[in-house]
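Below is one structure, written out as structure tokens; the observations come after it.
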Amino acid sequence: MSRVPLWVLPGLLWGAYAPGAHALALTAIRRGPRGARRVALTFDDGPDPVYTPKVLDLLGDAGARATFFVVGERAARAPDLVREMVARGHEVENHTWSHANLWLCGPRRTEREIARAHEAIAGLTGRPPRFFRPPWGMVNLAVFPTLGRLRTPCVLWSLQPEGLRPVASEKMASRVLRGIGPGTIVDLHDAEGVRGAPGRLLDALPSMLEGLRAAGYACVPLAELLSPA
Ligand SMILES: [Zn+2]
């Protein structure tokens, strides 16, 4: 009888802890109710001192309100920008403290990444975050008890116009306008993401917002999208 080598064991444990936890991520929120022509634009990885103010202006011009999944340490470095988001009617939510890859974080670091950002955002905005989005959508088993304690469900997305490779801004806008439907949660980046993503987003956003308006969609923050109409 062949024996399983000992070194296989840590791999199996990690596989259950990190990739295996994606079975739990099936409970994550990926879209809102389909009953109304409402969608949620979500912006990850900011705030960015250069790009985020321009995104805020474009959203304001279009009368659109959105959700920003900010990185805690970036938010702490740009408190005025975070308050500006809230003042303009947007939502500020949790995208970890340092944009850590949770597949590589043990339970204690996972807890710290989520809780530290939660507290920082609550301190800056005066309201605790209501949602959490894991960087790259990657979770581990320790994520879920922490989210349960903080009462912040995991939110992924239904439409991501730019995944792992750069997508030209016209294509980014047309992918959103083709794929959109009532309740869609769109994943965009006002900082970081694929190289150059925020610049392409700025070019894509005016036609994206105009197309959504022409198709009769209201862009609302997540809490509004997910609450009964
Ligand atoms: Zn991210």
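To be explicit about the labels: the chains of the structure tokens are called A, B, and onward in the order shown, and within each one the residues are counted from 1, while ligands get numbers from 1 in the order they are shown.
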Grab me every residue within 9 Å of ligand 1, counting only C-alpha atoms and all ligand atoms, and send it over as a ChimeraX atom specification. /A:43-46,69-71,95-96,99-100,133-137,189,191-193
Give the strand (DSSP E) residues of segment 9-133 of chain A, as assigned by DSSP on the backbone, as a list in words. Arg38, Val39, Ala40, Leu41, Thr42, Phe43, Asp44, Thr67, Phe68, Phe69, Val70, Glu91, Val92, Glu93 and Asn94 of chain A
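The spacing separating atom CA of Met172 of chain A from atom CA of Val186 of chain A amounts to 11.1 Å.
Minimum atom-to-atom distance to Glu91 of chain A, evaluated using only C-alpha atoms, belongs to A:Phe132 out of A:Ile114, A:Ala36, A:Trp103, A:Phe132.
Distances from A:Leu164, A:Leu13, A:Leu147, A:Ile185 to Pro129 of chain A were compared using only C-alpha atoms, and the smallest one belongs to A:Leu147.
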